[in-house]
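Below you'll find the structure, written out as structure tokens, and then a few comments.
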Amino acid sequence: MNISRKTFFKGLALGTLSLPFVLKTMKPGQAQQDNSPLLKSSKQYKWKMVTTWPPNFPVLGEACTLFAEMVNKMSGGRMHIRVYGGGELVPALETFDTVRNGGAEMGNGAAYYWAGKIPAAQFFATVPFGMNAQQVNTWITSGGGQELWEECYHHFNLVPMMAGNTGVQMGGWFNREINTIEDLKGLKMRIPGLAGKVLEKAGGSPVLLAGGEIYTGLERGVLDATEWLGPFHDYNMGFHEIAKYYYSPGWHEPGTVLELIINKEKFESLPEDLQAIIRAAAAYFNAWVLNRMEAANAEYLAIMIEKGIDIRKFPVEVLDTLRIYTKEVIEEMTTTNEFARKVYASYSEFRKKAVAWAGYSEKVFYDNLQVI
């Protein structure tokens, strides 16, 4: 049977060609070429993954373990990855340096933790009042973001990949009411990345702490407030026991990308099939985290409301002022850092298009949403 390449792919798309037919048309032995990566090597790889999350941390830590299991199964047992929570092998916020220096082959965290080393890295995590999960995922995969991210991390001997997204976060827990921008003055708050600089402009003091240290910080008065994630994690971390008010929305983190970072030399030394397996598992990791976060946060918001936790919304005037400060912070950074300027130009150009499209799609949907 003669069949053109165009007809072949059209047939596959329509389901009119079956796998048995495809196999029949293959030449004898074609399915098991001698150059198959699996036949080339049965070498075992034992890697370590360090993370910024507390050991066995729900969803984020679970996803790392799931990723390791997937890679092991997909590789036929050729690759074993041992996952270490923050503090088990190295301190949580030393993940970046540990991986770049080869102390572990890979790590998981969020790019804004490395802002002191790479200011531009923050754009690959989240931007206050910036893009949501759907939009930032699209920018990275289809708008040039991934190429810029790889260029950014190339100088640090790292390969970055998306590995989860928190979705829109909550605004945080406060031991004082926030009625005006003046109420942020003197506030000691755990808040990372660009948002920390914005808080400084409002007169507050940002504090960078790993997740496992936040509760103690609030309990001992080292912190007056903290942001973390959303209802699921925040409730189970017990923040409602030591903070009075829970604020929305998470202006500072509208769609935070979590990252898988891999030592570049180690990654490039892998057979091509294992590199592809890692990329495929990371893509699954990315979707799984966002899905789990959305499901768990919806469930635990209902629990919080039922228990009478004081959930409030930031006043519009406060958000408007924070938005102005955000613009100032980004302008200051991009004026002094050429690569940050390059990345933000790509980010902001894509965001304009995404927001315009959302104005005709998601915004209209939410503005007219009716529960059936």
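Chain labels A, B, ... are given in the sequence in which chains occur in the structure tokens; within each chain residues are numbered consecutively from 1, and ligands are likewise numbered from 1 in the order shown.
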
Practice item. Write out as JSON, numbers by chain each polymer residue whose atoms come within 12 Å of Leu258 of chain A, counting only C-alpha atoms; drop sequence neighbours fewer than 3 positions from it. Key: {"A": [51, 52, 53, 59, 60, 61, 63, 64, 107, 108, 109, 110, 111, 112, 113, 121, 122, 123, 124, 125, 126, 133, 136, 137, 160, 161, 162, 163, 164, 165, 166, 167, 253, 255, 261, 282, 283, 285, 286, 287, 288, 289, 290]}

Those residues you just picked out, can you put them in a file as a tab-separated table (two decimals), in the first residue's frame with N, CA and C atoms?
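Output below, filename part_21.tsv:
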chain	number	residue	atom	x	y	z
A	51	THR	N	16.18	20.53	47.86
A	51	THR	CA	15.03	21.41	47.67
A	51	THR	C	14.99	22.50	48.73
A	52	THR	N	14.19	23.51	48.44
A	52	THR	CA	13.98	24.59	49.41
A	52	THR	C	12.80	24.31	50.33
A	53	TRP	N	12.13	23.19	50.12
A	53	TRP	CA	10.92	22.88	50.89
A	53	TRP	C	11.27	22.05	52.13
A	59	VAL	N	2.41	18.55	48.73
A	59	VAL	CA	2.33	18.99	47.34
A	59	VAL	C	3.71	19.29	46.77
A	60	LEU	N	4.40	20.32	47.27
A	60	LEU	CA	5.67	20.71	46.67
A	60	LEU	C	6.75	19.66	46.90
A	61	GLY	N	6.87	19.16	48.10
A	61	GLY	CA	7.81	18.09	48.37
A	61	GLY	C	7.35	16.76	47.78
A	63	ALA	N	5.67	16.41	45.11
A	63	ALA	CA	5.90	16.47	43.67
A	63	ALA	C	7.33	16.08	43.32
A	64	CYS	N	8.27	16.48	44.16
A	64	CYS	CA	9.67	16.11	43.93
A	64	CYS	C	9.84	14.60	43.99
A	107	GLY	N	18.03	20.46	41.77
A	107	GLY	CA	17.38	21.09	42.91
A	107	GLY	C	16.00	21.59	42.52
A	108	ASN	N	15.20	21.92	43.53
A	108	ASN	CA	13.86	22.43	43.29
A	108	ASN	C	13.59	23.57	44.25
A	109	GLY	N	13.06	24.66	43.70
A	109	GLY	CA	12.75	25.83	44.52
A	109	GLY	C	12.05	26.87	43.67
A	110	ALA	N	12.35	28.14	43.91
A	110	ALA	CA	11.77	29.24	43.13
A	110	ALA	C	12.87	30.25	42.85
A	111	ALA	N	12.87	30.80	41.64
A	111	ALA	CA	13.99	31.63	41.17
A	111	ALA	C	14.18	32.91	41.98
A	112	TYR	N	13.14	33.42	42.64
A	112	TYR	CA	13.33	34.67	43.38
A	112	TYR	C	14.20	34.48	44.62
A	113	TYR	N	14.44	33.25	45.04
A	113	TYR	CA	15.33	33.02	46.16
A	113	TYR	C	16.78	33.39	45.80
A	121	ALA	N	16.56	36.75	37.57
A	121	ALA	CA	15.93	35.46	37.84
A	121	ALA	C	14.52	35.61	38.37
A	122	GLN	N	14.24	36.73	39.05
A	122	GLN	CA	12.93	36.93	39.66
A	122	GLN	C	11.80	36.91	38.64
A	123	PHE	N	12.09	37.35	37.42
A	123	PHE	CA	11.06	37.37	36.39
A	123	PHE	C	10.63	35.96	35.99
A	124	PHE	N	11.47	34.97	36.29
A	124	PHE	CA	11.13	33.58	35.96
A	124	PHE	C	10.41	32.89	37.13
A	125	ALA	N	10.16	33.63	38.19
A	125	ALA	CA	9.36	33.13	39.31
A	125	ALA	C	8.01	33.83	39.30
A	126	THR	N	8.01	35.11	39.65
A	126	THR	CA	6.75	35.87	39.65
A	126	THR	C	7.06	37.36	39.70
A	133	ALA	N	-0.71	32.06	36.41
A	133	ALA	CA	-0.04	30.81	36.06
A	133	ALA	C	-0.16	30.46	34.58
A	136	VAL	N	2.05	33.02	32.50
A	136	VAL	CA	3.50	32.91	32.63
A	136	VAL	C	3.98	31.57	32.07
A	137	ASN	N	3.20	30.51	32.24
A	137	ASN	CA	3.56	29.23	31.62
A	137	ASN	C	3.66	29.39	30.10
A	160	PRO	N	17.58	25.29	33.63
A	160	PRO	CA	16.32	25.47	34.35
A	160	PRO	C	15.12	24.90	33.59
A	161	MET	N	14.15	24.41	34.33
A	161	MET	CA	12.89	23.93	33.75
A	161	MET	C	11.76	24.28	34.71
A	162	MET	N	10.58	24.53	34.16
A	162	MET	CA	9.41	24.73	35.02
A	162	MET	C	9.08	23.43	35.72
A	163	ALA	N	8.70	23.54	36.99
A	163	ALA	CA	8.38	22.34	37.77
A	163	ALA	C	7.32	22.66	38.81
A	164	GLY	N	6.22	23.25	38.33
A	164	GLY	CA	5.13	23.56	39.24
A	164	GLY	C	4.79	25.03	39.23
A	165	ASN	N	3.57	25.33	39.66
A	165	ASN	CA	3.13	26.71	39.81
A	165	ASN	C	2.11	26.74	40.94
A	166	THR	N	2.22	27.75	41.79
A	166	THR	CA	1.33	27.83	42.95
A	166	THR	C	-0.04	28.38	42.60
A	167	GLY	N	-0.18	28.99	41.41
A	167	GLY	CA	-1.39	29.74	41.12
A	167	GLY	C	-1.37	31.04	41.91
A	253	GLU	N	2.36	37.64	44.32
A	253	GLU	CA	2.63	36.38	43.64
A	253	GLU	C	1.37	35.89	42.92
A	255	GLY	N	1.15	34.15	40.22
A	255	GLY	CA	1.29	32.87	39.53
A	255	GLY	C	2.74	32.44	39.57
A	261	ILE	N	16.20	22.93	38.74
A	261	ILE	CA	17.51	23.34	38.23
A	261	ILE	C	18.42	22.12	38.23
A	282	ALA	N	9.43	16.61	34.13
A	282	ALA	CA	9.32	17.97	34.66
A	282	ALA	C	8.03	18.63	34.15
A	283	ALA	N	7.67	18.38	32.89
A	283	ALA	CA	6.43	18.95	32.34
A	283	ALA	C	5.22	18.40	33.09
A	285	PHE	N	5.31	17.24	36.20
A	285	PHE	CA	5.51	17.85	37.51
A	285	PHE	C	4.86	19.24	37.53
A	286	ASN	N	5.10	20.01	36.48
A	286	ASN	CA	4.60	21.38	36.39
A	286	ASN	C	3.07	21.43	36.45
A	287	ALA	N	2.43	20.57	35.67
A	287	ALA	CA	0.96	20.55	35.65
A	287	ALA	C	0.39	19.97	36.93
A	288	TRP	N	1.03	18.94	37.46
A	288	TRP	CA	0.51	18.25	38.66
A	288	TRP	C	0.45	19.20	39.85
A	289	VAL	N	1.49	19.98	40.04
A	289	VAL	CA	1.54	20.89	41.20
A	289	VAL	C	0.41	21.91	41.13
A	290	LEU	N	0.23	22.55	39.97
A	290	LEU	CA	-0.82	23.56	39.86
A	290	LEU	C	-2.19	22.94	40.09

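Comparing the minimum interatomic distances between Gly212 of chain A and each of A:Gly76, A:Ile81, A:Glu88, A:Tyr284, counting only C-alpha atoms, we find that A:Glu88 sits nearest.
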
Review point. How would you write, as number ranges by chain, the set of residues in segment 61-165 of chain A that DSSP gives as strand (DSSP E)?
Key: A: 79-84, 106-109, 158-165

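Atom pair atom CA of Leu158 of chain A / atom CA of Arg100 of chain A has a distance of 5.9 Å (rounded to one decimal).
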
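Coordinates place atom CA of Asn179 of chain A at a distance of 8.8 Å from atom CA of Glu317 of chain A.
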
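Remark: for Tyr45 of chain A, the closest of the candidate residues A:Lys188, A:Lys244, A:Lys266, A:Lys313 is A:Lys266 (distances computed over only C-alpha atoms).
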
Revision key, fill the gap. Of A:Asn175, A:Asn297, A:Asn157, A:Gln275, the one sitting nearest Asp234 of chain A when using only C-alpha atoms is A:Asn297

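Take the candidates A:Ala280, A:Leu208, A:Ala104, A:Leu301 and check each one against Gly230 of chain A using only C-alpha atoms; the shortest distance goes to A:Leu301.
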
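Close contacts of Met79 of chain A, defined as residues with an atom at most 8 Å away when counting only C-alpha atoms, with chain neighbours fewer than 2 positions off set aside, comprise A:Gln44, A:Tyr45, A:Lys46, A:Trp47, A:Val71, A:Asn72, A:Ser75, A:Gly76, A:Gly77, A:Ile81.
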